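Engineer: This is my_file.cif, which holds mmCIF, C-alpha atoms:
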```cif
data_query
#
loop_
_atom_site.label_atom_id
_atom_site.label_comp_id
_atom_site.auth_asym_id
_atom_site.auth_seq_id
_atom_site.Cartn_x
_atom_site.Cartn_y
_atom_site.Cartn_z
CA MET X 1 -9.16 -63.41 -93.05
CA LYS X 2 -8.56 -60.43 -90.76
CA THR X 3 -11.07 -59.66 -88.04
CA ILE X 4 -12.42 -56.15 -87.47
CA ARG X 5 -10.39 -55.97 -84.26
CA THR X 6 -7.13 -56.95 -85.99
CA GLN X 7 -7.72 -54.39 -88.74
CA LEU X 8 -8.45 -51.71 -86.14
CA PHE X 9 -5.20 -52.39 -84.27
CA GLU X 10 -3.13 -52.54 -87.46
CA ASN X 11 -4.53 -49.15 -88.51
CA LYS X 12 -3.69 -47.68 -85.11
CA LEU X 13 -0.16 -49.10 -85.14
CA GLU X 14 0.42 -47.55 -88.56
CA SER X 15 -0.90 -44.16 -87.41
CA LEU X 16 1.49 -44.16 -84.42
CA GLY X 17 4.44 -44.15 -86.81
CA GLU X 18 6.57 -46.40 -84.61
CA GLY X 19 7.49 -49.08 -87.12
CA HIS X 20 9.72 -50.98 -84.69
CA LEU X 21 6.75 -51.90 -82.48
CA SER X 22 5.03 -55.24 -82.88
CA LEU X 23 1.27 -55.59 -82.92
CA THR X 24 1.39 -57.80 -79.81
CA ARG X 25 2.63 -54.88 -77.66
CA LEU X 26 -0.21 -52.50 -78.54
CA GLY X 27 -3.25 -52.32 -76.26
CA ARG X 28 -6.18 -50.12 -75.36
CA VAL X 29 -7.49 -49.64 -71.82
CA VAL X 30 -11.03 -51.01 -71.46
CA THR X 31 -11.60 -50.59 -67.71
CA GLU X 32 -9.67 -49.57 -64.61
CA GLN X 33 -10.53 -50.87 -61.14
CA LYS X 34 -8.42 -50.64 -58.00
CA GLY X 35 -5.12 -50.18 -59.81
CA ALA X 36 -5.65 -53.02 -62.30
CA TYR X 37 -6.44 -52.48 -65.96
CA ARG X 38 -8.27 -54.65 -68.45
CA VAL X 39 -6.58 -54.02 -71.77
CA MET X 40 -7.86 -54.91 -75.23
CA THR X 41 -5.31 -56.27 -77.71
CA PHE X 42 -5.71 -57.31 -81.32
CA SER X 43 -6.52 -60.88 -80.28
CA ASP X 44 -7.75 -60.91 -76.67
CA ASP X 45 -8.39 -58.92 -73.47
CA LEU X 46 -5.65 -59.00 -70.81
CA LEU X 47 -5.44 -58.03 -67.14
CA CYS X 48 -2.49 -55.67 -66.64
CA LYS X 49 -0.75 -53.48 -64.09
CA ILE X 50 1.56 -50.53 -64.63
CA SER X 51 5.30 -50.82 -64.15
CA GLY X 52 6.89 -49.43 -60.99
CA LYS X 53 9.01 -47.04 -63.06
CA PHE X 54 5.93 -45.74 -64.84
CA ARG X 55 4.09 -45.12 -61.57
CA PHE X 56 7.13 -43.42 -60.01
CA GLU X 57 7.65 -41.04 -62.93
CA ALA X 58 3.98 -40.00 -63.15
CA VAL X 59 3.75 -36.55 -61.55
CA SER X 60 -0.05 -36.70 -61.20
CA ARG X 61 -3.05 -38.90 -61.96
CA GLU X 62 -3.11 -37.39 -65.46
CA GLY X 63 0.08 -39.27 -66.30
CA LEU X 64 -1.45 -42.68 -65.55
CA PRO X 65 -3.59 -44.73 -67.96
CA ALA X 66 -7.29 -43.93 -68.35
CA VAL X 67 -10.11 -45.73 -70.13
CA GLY X 68 -9.63 -45.22 -73.87
CA ASP X 69 -5.86 -44.80 -73.69
CA TRP X 70 -3.66 -46.62 -76.19
CA VAL X 71 -0.76 -48.16 -74.28
CA LEU X 72 2.53 -50.00 -74.81
CA LEU X 73 2.71 -53.43 -73.16
CA ASN X 74 5.78 -55.45 -72.21
CA GLU X 75 6.69 -58.60 -74.13
CA GLU X 76 4.65 -60.78 -71.77
CA GLY X 77 1.60 -58.57 -72.19
CA ASN X 78 0.84 -58.08 -68.49
CA ILE X 79 2.59 -54.74 -67.73
CA ILE X 80 1.75 -51.29 -69.12
CA GLU X 81 5.01 -49.49 -69.83
CA ARG X 82 3.72 -46.18 -71.18
CA VAL X 83 0.73 -44.32 -72.58
CA PHE X 84 0.77 -43.13 -76.19
CA PRO X 85 -0.05 -39.42 -76.79
CA ARG X 86 -3.76 -38.65 -76.46
CA ILE X 87 -5.80 -36.93 -79.15
CA SER X 88 -8.31 -35.81 -76.51
CA LYS X 89 -9.22 -36.29 -72.85
CA PHE X 90 -12.50 -35.64 -71.11
CA SER X 91 -11.81 -34.47 -67.55
CA ARG X 92 -13.53 -32.92 -64.59
CA LYS X 93 -12.38 -31.75 -61.18
CA LYS X 94 -12.42 -34.72 -58.83
CA ALA X 95 -15.24 -34.57 -56.27
CA GLY X 96 -14.15 -33.01 -52.98
CA LEU X 97 -12.12 -29.98 -51.92
CA GLU X 98 -8.76 -30.97 -53.42
CA ALA X 99 -8.01 -29.54 -56.88
CA GLU X 100 -7.25 -32.78 -58.66
CA GLU X 101 -8.08 -33.76 -62.23
CA GLN X 102 -10.16 -36.86 -62.87
CA ILE X 103 -9.87 -38.16 -66.42
CA ILE X 104 -13.20 -39.70 -67.41
CA ALA X 105 -11.98 -41.08 -70.75
CA ALA X 106 -9.30 -40.47 -73.38
CA ASN X 107 -8.96 -40.51 -77.17
CA ILE X 108 -12.61 -39.68 -77.82
CA ASN X 109 -13.80 -38.29 -81.14
CA THR X 110 -17.38 -37.48 -80.11
CA ILE X 111 -19.12 -37.08 -76.76
CA PHE X 112 -22.84 -37.77 -76.59
CA ILE X 113 -24.29 -35.63 -73.77
CA LEU X 114 -27.45 -37.50 -72.80
CA SER X 115 -30.40 -35.80 -71.12
CA SER X 116 -33.87 -37.34 -70.84
CA LEU X 117 -37.01 -35.57 -72.01
CA ASN X 118 -38.66 -35.50 -68.60
CA ASP X 119 -38.70 -33.20 -65.58
CA GLU X 120 -34.94 -33.67 -65.18
CA LEU X 121 -34.16 -31.85 -68.47
CA ASN X 122 -31.74 -29.14 -67.33
CA ILE X 123 -30.17 -26.88 -69.96
CA GLY X 124 -27.76 -25.35 -67.43
CA ARG X 125 -26.41 -28.80 -66.64
CA ILE X 126 -25.99 -29.55 -70.34
CA GLU X 127 -24.01 -26.30 -70.69
CA ARG X 128 -21.57 -27.46 -68.00
CA TYR X 129 -21.02 -30.71 -69.87
CA LEU X 130 -20.45 -28.70 -73.05
CA LEU X 131 -17.67 -26.69 -71.41
CA LEU X 132 -15.91 -29.93 -70.42
CA CYS X 133 -16.41 -31.30 -73.94
CA TRP X 134 -14.96 -28.28 -75.71
CA GLU X 135 -12.00 -28.30 -73.34
CA SER X 136 -11.44 -32.02 -74.04
CA GLY X 137 -10.84 -31.66 -77.77
CA ALA X 138 -13.79 -33.91 -78.65
CA ASN X 139 -16.90 -32.94 -80.58
CA PRO X 140 -20.07 -32.62 -78.42
CA VAL X 141 -23.50 -33.82 -79.53
CA VAL X 142 -26.53 -33.39 -77.26
CA VAL X 143 -28.79 -36.47 -77.31
CA LEU X 144 -32.25 -36.05 -75.80
CA THR X 145 -33.50 -39.51 -74.79
CA LYS X 146 -36.85 -41.14 -73.95
CA ALA X 147 -38.76 -39.45 -76.78
CA ASP X 148 -41.31 -42.25 -76.55
CA ALA X 149 -42.37 -41.02 -73.09
CA CYS X 150 -42.64 -37.34 -74.06
CA THR X 151 -45.58 -35.68 -75.84
CA ASP X 152 -43.76 -32.43 -76.68
CA ALA X 153 -40.30 -33.73 -77.69
CA ALA X 154 -40.04 -31.43 -80.73
CA GLU X 155 -40.77 -28.31 -78.66
CA LYS X 156 -38.24 -29.27 -75.99
CA ARG X 157 -35.59 -30.00 -78.62
CA LYS X 158 -36.19 -26.56 -80.16
CA ALA X 159 -35.83 -24.92 -76.74
CA VAL X 160 -32.50 -26.68 -76.17
CA GLU X 161 -31.24 -25.77 -79.65
CA ASP X 162 -32.15 -22.10 -79.12
CA LYS X 163 -30.16 -22.00 -75.87
CA LEU X 164 -27.07 -23.86 -77.12
CA TYR X 165 -26.35 -21.76 -80.23
CA GLY X 166 -25.44 -24.18 -83.01
CA VAL X 167 -24.69 -27.34 -81.02
CA LYS X 168 -26.05 -30.48 -82.69
CA VAL X 169 -29.14 -31.70 -80.81
CA LEU X 170 -30.71 -35.11 -81.52
CA THR X 171 -33.89 -36.70 -80.17
CA ILE X 172 -34.02 -40.49 -79.76
CA SER X 173 -35.80 -43.37 -78.05
CA SER X 174 -33.87 -46.52 -77.19
CA ILE X 175 -37.18 -48.32 -76.68
CA THR X 176 -38.82 -47.62 -80.06
CA LYS X 177 -35.45 -46.98 -81.80
CA GLU X 178 -36.74 -43.61 -83.01
CA GLY X 179 -33.86 -41.43 -84.25
CA ILE X 180 -31.15 -44.03 -83.52
CA GLU X 181 -29.98 -43.88 -87.16
CA GLN X 182 -28.88 -40.28 -86.51
CA LEU X 183 -26.04 -41.64 -84.35
CA ASN X 184 -24.52 -43.78 -87.12
CA PRO X 185 -22.29 -41.07 -88.70
CA TYR X 186 -20.42 -40.76 -85.38
CA LEU X 187 -19.99 -44.52 -84.94
CA GLU X 188 -17.65 -45.41 -87.79
CA MET X 189 -14.67 -47.77 -87.92
CA GLY X 190 -11.86 -46.46 -85.70
CA LYS X 191 -13.97 -43.71 -84.10
CA THR X 192 -14.67 -43.50 -80.36
CA VAL X 193 -17.83 -42.11 -78.76
CA ALA X 194 -18.30 -41.53 -75.02
CA LEU X 195 -21.68 -41.33 -73.31
CA VAL X 196 -22.00 -38.84 -70.43
CA GLY X 197 -24.97 -37.60 -68.43
CA SER X 198 -26.84 -37.96 -65.17
CA SER X 199 -28.03 -41.28 -63.78
CA GLY X 200 -31.24 -42.51 -65.35
CA VAL X 201 -30.93 -40.69 -68.70
CA GLY X 202 -30.48 -43.96 -70.59
CA LYS X 203 -26.74 -44.34 -71.14
CA SER X 204 -26.68 -48.05 -70.32
CA THR X 205 -29.88 -48.72 -72.29
CA LEU X 206 -28.39 -47.01 -75.34
CA THR X 207 -25.12 -48.94 -74.88
CA ASN X 208 -27.01 -52.25 -74.86
CA LEU X 209 -28.90 -51.22 -77.99
CA LEU X 210 -25.76 -50.24 -79.92
CA ILE X 211 -23.79 -53.29 -78.74
CA GLU X 212 -26.80 -55.49 -79.51
CA ALA X 213 -26.34 -57.31 -76.20
CA ASP X 214 -27.24 -56.76 -72.53
CA VAL X 215 -23.74 -55.77 -71.43
CA GLN X 216 -24.87 -53.07 -68.97
CA LYS X 217 -27.43 -53.31 -66.17
CA THR X 218 -30.37 -50.91 -66.35
CA LYS X 219 -33.00 -49.70 -63.88
CA GLU X 220 -36.13 -47.60 -64.15
CA VAL X 221 -35.99 -44.03 -62.85
CA ARG X 222 -37.81 -43.31 -59.59
CA GLY X 223 -41.43 -42.63 -60.35
CA CYS X 224 -41.78 -40.00 -57.61
CA ASP X 225 -39.30 -37.49 -59.03
CA ASP X 226 -37.94 -38.81 -62.36
CA LYS X 227 -34.44 -39.05 -60.89
CA GLY X 228 -32.21 -41.88 -62.01
CA ARG X 229 -30.61 -44.69 -60.08
CA HIS X 230 -26.92 -45.48 -60.48
CA THR X 231 -26.43 -48.71 -62.44
CA THR X 232 -23.08 -48.16 -64.20
CA THR X 233 -20.40 -48.15 -61.49
CA HIS X 234 -17.26 -47.71 -63.61
CA ARG X 235 -16.16 -46.48 -67.00
CA GLU X 236 -15.89 -49.14 -69.68
CA LEU X 237 -15.04 -49.27 -73.37
CA PHE X 238 -16.94 -51.57 -75.73
CA LEU X 239 -15.98 -52.49 -79.29
CA LEU X 240 -18.88 -52.44 -81.74
CA GLY X 241 -19.17 -54.93 -84.57
CA ASN X 242 -18.14 -52.34 -87.17
CA GLY X 243 -14.91 -51.36 -85.36
CA ALA X 244 -16.25 -48.24 -83.61
CA SER X 245 -15.71 -47.93 -79.84
CA LEU X 246 -18.25 -46.84 -77.24
CA ILE X 247 -17.38 -45.71 -73.70
CA ASP X 248 -20.15 -45.84 -71.10
CA THR X 249 -19.63 -43.78 -67.94
CA PRO X 250 -21.37 -43.63 -64.54
CA GLY X 251 -23.82 -40.82 -63.88
CA MET X 252 -22.13 -37.75 -62.42
CA ARG X 253 -23.61 -36.22 -59.29
CA GLU X 254 -21.16 -33.31 -59.56
CA ILE X 255 -19.89 -31.62 -62.73
CA GLN X 256 -17.02 -29.58 -61.34
CA LEU X 257 -15.00 -27.81 -64.02
CA TRP X 258 -11.35 -28.65 -64.56
CA GLN X 259 -9.75 -25.63 -66.26
CA GLY X 260 -12.30 -24.84 -69.00
CA GLN X 261 -11.37 -21.31 -70.12
CA ASP X 262 -11.21 -22.34 -73.79
CA GLY X 263 -14.56 -24.05 -73.47
CA LEU X 264 -16.00 -20.97 -71.80
CA SER X 265 -14.85 -18.80 -74.70
CA ALA X 266 -16.44 -21.20 -77.18
CA LYS X 267 -19.77 -21.26 -75.33
CA PHE X 268 -19.96 -17.55 -74.41
CA GLY X 269 -18.12 -16.01 -77.35
CA ASP X 270 -20.94 -13.48 -77.84
CA ILE X 271 -20.39 -12.05 -74.34
CA GLU X 272 -16.61 -11.87 -74.74
CA GLU X 273 -17.02 -10.15 -78.11
CA LEU X 274 -19.34 -7.55 -76.56
CA ALA X 275 -16.84 -6.98 -73.73
CA LEU X 276 -14.20 -5.94 -76.28
CA SER X 277 -16.34 -2.87 -77.07
CA CYS X 278 -16.55 -1.68 -73.45
CA ARG X 279 -14.95 1.72 -72.82
CA PHE X 280 -12.60 0.31 -70.17
CA ASN X 281 -10.45 -2.82 -70.65
CA ASP X 282 -11.02 -3.86 -67.02
CA CYS X 283 -14.77 -3.23 -67.10
CA SER X 284 -16.60 -5.38 -64.53
CA HIS X 285 -19.96 -4.83 -66.30
CA GLU X 286 -21.47 -3.71 -62.99
CA GLY X 287 -22.32 -0.10 -63.82
CA GLU X 288 -19.24 1.54 -65.38
CA PRO X 289 -19.94 4.15 -68.09
CA GLY X 290 -19.61 2.90 -71.65
CA CYS X 291 -20.27 -0.74 -70.74
CA ARG X 292 -21.34 -2.47 -73.96
CA ILE X 293 -22.65 -5.53 -72.11
CA LYS X 294 -25.00 -3.46 -69.94
CA GLU X 295 -26.21 -1.69 -73.09
CA ALA X 296 -26.91 -5.08 -74.72
CA ILE X 297 -28.93 -6.22 -71.69
CA LEU X 298 -31.02 -3.01 -71.67
CA ALA X 299 -31.61 -3.36 -75.42
CA GLY X 300 -32.73 -6.97 -75.04
CA GLU X 301 -29.77 -8.28 -77.04
CA LEU X 302 -28.36 -10.28 -74.11
CA ASP X 303 -30.16 -12.17 -71.36
CA HIS X 304 -29.07 -11.11 -67.85
CA ASN X 305 -29.33 -14.70 -66.57
CA ARG X 306 -26.88 -15.78 -69.27
CA LEU X 307 -24.39 -13.15 -68.10
CA ASP X 308 -24.80 -14.27 -64.47
CA HIS X 309 -24.18 -17.89 -65.51
CA TYR X 310 -21.04 -16.83 -67.42
CA HIS X 311 -19.66 -14.97 -64.38
CA LYS X 312 -20.41 -17.94 -62.10
CA LEU X 313 -18.48 -20.32 -64.37
CA GLN X 314 -15.61 -17.82 -64.63
CA ARG X 315 -15.28 -17.69 -60.84
CA GLU X 316 -15.37 -21.49 -60.57
CA ILE X 317 -12.64 -21.92 -63.20
CA ALA X 318 -10.45 -19.27 -61.56
CA TYR X 319 -10.85 -20.94 -58.16
CA THR X 320 -9.96 -24.37 -59.56
CA GLU X 321 -6.88 -22.99 -61.32
CA ARG X 322 -5.65 -21.33 -58.11
CA ARG X 323 -6.00 -24.58 -56.15
CA GLY X 324 -4.52 -26.58 -59.03
CA ASN X 325 -1.39 -24.43 -59.20
CA LYS X 326 -0.71 -24.95 -55.48
CA ARG X 327 -1.23 -28.69 -55.85
CA LEU X 328 1.10 -28.93 -58.87
CA GLU X 329 3.81 -27.08 -56.96
CA SER X 330 3.44 -29.57 -54.10
CA LEU X 331 3.57 -32.56 -56.48
CA GLU X 332 6.69 -31.21 -58.17
CA ARG X 333 8.45 -30.81 -54.82
CA LYS X 334 7.51 -34.38 -53.84
CA LYS X 335 8.75 -35.71 -57.17
CA TRP X 336 12.23 -34.18 -56.81
CA LYS X 337 12.39 -35.18 -53.17
CA ASN X 338 11.80 -38.81 -54.19
CA ILE X 339 14.40 -38.56 -56.95
CA GLY X 340 16.89 -37.23 -54.40
CA LYS X 341 16.21 -40.18 -52.08
CA GLN X 342 16.72 -42.65 -54.94
CA ARG X 343 20.08 -41.08 -55.81
CA LYS X 344 21.25 -41.34 -52.19
CA LEU X 345 20.32 -45.02 -52.09
CA LYS X 346 22.53 -45.63 -55.13
#
```
Would you mind writing the structure in this file as structure tokens?

Structural biologist:
Amino acid sequence: MKTIRTQLFENKLESLGEGHLSLTRLGRVVTEQKGAYRVMTFSDDLLCKISGKFRFEAVSREGLPAVGDWVLLNEEGNIIERVFPRISKFSRKKAGLEAEEQIIAANINTIFILSSLNDELNIGRIERYLLLCWESGANPVVVLTKADACTDAAEKRKAVEDKLYGVKVLTISSITKEGIEQLNPYLEMGKTVALVGSSGVGKSTLTNLLIEADVQKTKEVRGCDDKGRHTTTHRELFLLGNGASLIDTPGMREIQLWQGQDGLSAKFGDIEELALSCRFNDCSHEGEPGCRIKEAILAGELDHNRLDHYHKLQREIAYTERRGNKRLESLERKKWKNIGKQRKLK
């Protein structure tokens, strides 16, 4: 009798359309730590490294395996030879000054953006996560946690829904299990859900509940300010009993945007639609005559703070793209320089 894991891998192999491949060479990255990868196969978990050729040909970090990637293994099952095409990837700009992409997880169907119903509830922060989600190709769902410790959960949920314009918002408690059944439609056989959010919002607690085992360490938030403590130190994929996959991620101190223009258009489509009616195509919305956005603000149709937030995110995306283009040019030069050296050695 086939196990859930075997059935999952057979379904994936069939969807890849590479009939010559054997099931034993298909794997999925579970964790990555210090250049080594734990890879799930249809029968076991293996510790793998990437081939020298693979590493040499990768122009940037984006080309290397990430948690959630489906990969091709060698016959021995200890070397990753290539990454299969991704259906989605959740990325942010790596912390620091350098414009480098950090892939949080790949091949995700749904991203649960967790935020606790306490003093740390920050709608602006949720919006930044939403931009990354829309850019990733995955479907975002906002999950407000710790409903058991909140006396006005319904009011806070309504406030979040009003700000996020049509995004699905759920309220749950991992302690009392209130609302947990609302997550089930996203956790079906073959589907992958990633949990993102600040430290202390309950990602690890929810993971333990859904896995039905204490696989992740948890800590209480600091009582003095409701801020969380880091417990998850790396990204990790877990296979649920029904064949769904769950990716837990560490809390992010910084949510720096990586690209994001498509996500910005999805989140602020109302502003961009108003801008099309401005008298001038290059209107800066700072006082030009015939500015439709200024008219909307004066008429109470558009909140000025929302416009300021939109402009701030625009500037951040533009800055990241400028730095990214310079970095890509540098990487391309290094790549061809290395290829030239290899040819000379031959």

Engineer: Looking at all atoms listed in the file, which of X:Gly202, X:Gly35, X:Gly77, X:Gly63 is the one that sits closest to Leu23 in chain X?

Structural biologist: X:Gly77

Engineer: State, in Å with one decimal place, the distance from CA of Val169 in chain X to CA of Val67 in chain X.

Structural biologist: 25.9 Å

Engineer: So which residues get picked by the PyMOL selection byres ((chain X and resi 210) around 12) here, written as a PyMOL selection string?

Structural biologist: chain X and resi 174+177+180-181+183-184+187+193+195+203-209+211-216+238-242+244-248

Engineer: Quick one: distance from CA of Asn107 in chain X to CA of Asn78 in chain X in Å, one decimal?

Structural biologist: 21.9 Å

Engineer: Step by step, work through what the PyMOL selection byres ((chain X and resi 52) around 12) selects in the shown file, and finish by giving those residues as a tab-separated table (two decimals) with C-alpha atoms, in the frame of the given file.

Structural biologist:
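Final file, expr.tsv:
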```
chain	number	residue	atom	x	y	z
X	49	LYS	CA	-0.75	-53.48	-64.09
X	50	ILE	CA	1.56	-50.53	-64.63
X	51	SER	CA	5.30	-50.82	-64.15
X	53	LYS	CA	9.01	-47.04	-63.06
X	54	PHE	CA	5.93	-45.74	-64.84
X	55	ARG	CA	4.09	-45.12	-61.57
X	56	PHE	CA	7.13	-43.42	-60.01
X	57	GLU	CA	7.65	-41.04	-62.93
X	58	ALA	CA	3.98	-40.00	-63.15
X	64	LEU	CA	-1.45	-42.68	-65.55
X	79	ILE	CA	2.59	-54.74	-67.73
X	80	ILE	CA	1.75	-51.29	-69.12
X	81	GLU	CA	5.01	-49.49	-69.83
X	82	ARG	CA	3.72	-46.18	-71.18
```

Engineer: Between X:Arg125, X:Lys191, X:Arg235, X:Arg61, which residue has the minimum interatomic distance to Arg38 in chain X, considering all atoms listed in the file?

Structural biologist: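 Closest candidate: X:Arg235.
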
Engineer: Write out as JSON, numbers by chain which residues come within 10 Å of Asn109 in chain X when counting only C-alpha atoms, dropping same-chain ones fewer than 5 positions away.

Structural biologist: {"X": [87, 88, 89, 136, 137, 138, 139, 140, 186, 187, 190, 191, 192, 193, 194, 245]}

Engineer: Within 9 Å of Ser43 in chain X, counting only C-alpha atoms, which residues show up once you throw out same-chain ones fewer than 3 positions away? Write them as a PDB file with C-alpha atoms, in the coordinates of the input, please.

Structural biologist:
```pdb
ATOM      1  CA  ARG X   5     -10.390 -55.970 -84.260  1.00  0.00           C
ATOM      2  CA  THR X   6      -7.130 -56.950 -85.990  1.00  0.00           C
ATOM      3  CA  THR X  24       1.390 -57.800 -79.810  1.00  0.00           C
ATOM      4  CA  MET X  40      -7.860 -54.910 -75.230  1.00  0.00           C
TER       5      MET X  40
END
```

Engineer: Could you pull the residues within 7 Å of Thr171 in chain X, counting all atoms listed in the file, minus those fewer than 2 positions along the same chain, as a list in words?

Structural biologist: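 These residues fall inside the cut-off: Val143, Leu144, Thr145, Ala147, Val169 and Gly179 of chain X.
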
Engineer: CA of Glu120 in chain X to CA of Gly166 in chain X: how many Å, to one decimal?

Structural biologist: 22.3 Å

Engineer: Within 12 Å of (-12.0, -50.7, -61.1) (file coordinates; all atoms listed in the file), which protein or nucleic acid residues are there? I'd like them as a ChimeraX atom specification.

Structural biologist: /X:29-38,47,49,66-67,232-236

Engineer: List the neighbours of range 277-284 of chain X out to 12 Å using only C-alpha atoms; skip same-chain residues closer than 3 positions along the sequence, and give me the result as JSON, numbers by chain.

Structural biologist: {"X": [270, 271, 272, 273, 274, 287, 288, 289, 290, 291, 292, 293, 294, 295, 296, 307, 311]}

Engineer: Using all atoms listed in the file, which residue out of X:Phe268, X:Gly19, X:Asn305, X:Ser115 lies closest to Trp134 in chain X?

Structural biologist: X:Phe268

Engineer: Near Ser91 in chain X, within 6 Å and counting only C-alpha atoms, which residues show up once chain neighbours fewer than 2 positions away are dropped, as a ChimeraX atom specification?

Structural biologist: /X:102-104

Engineer: Hey, which of X:Gln182, X:Ser116, X:Ser198, X:Ser22 ends up closest to Val160 in chain X? Count all atoms listed in the file.

Structural biologist: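 Using all atoms listed in the file, the shortest distance to Val160 in chain X belongs to X:Ser116.
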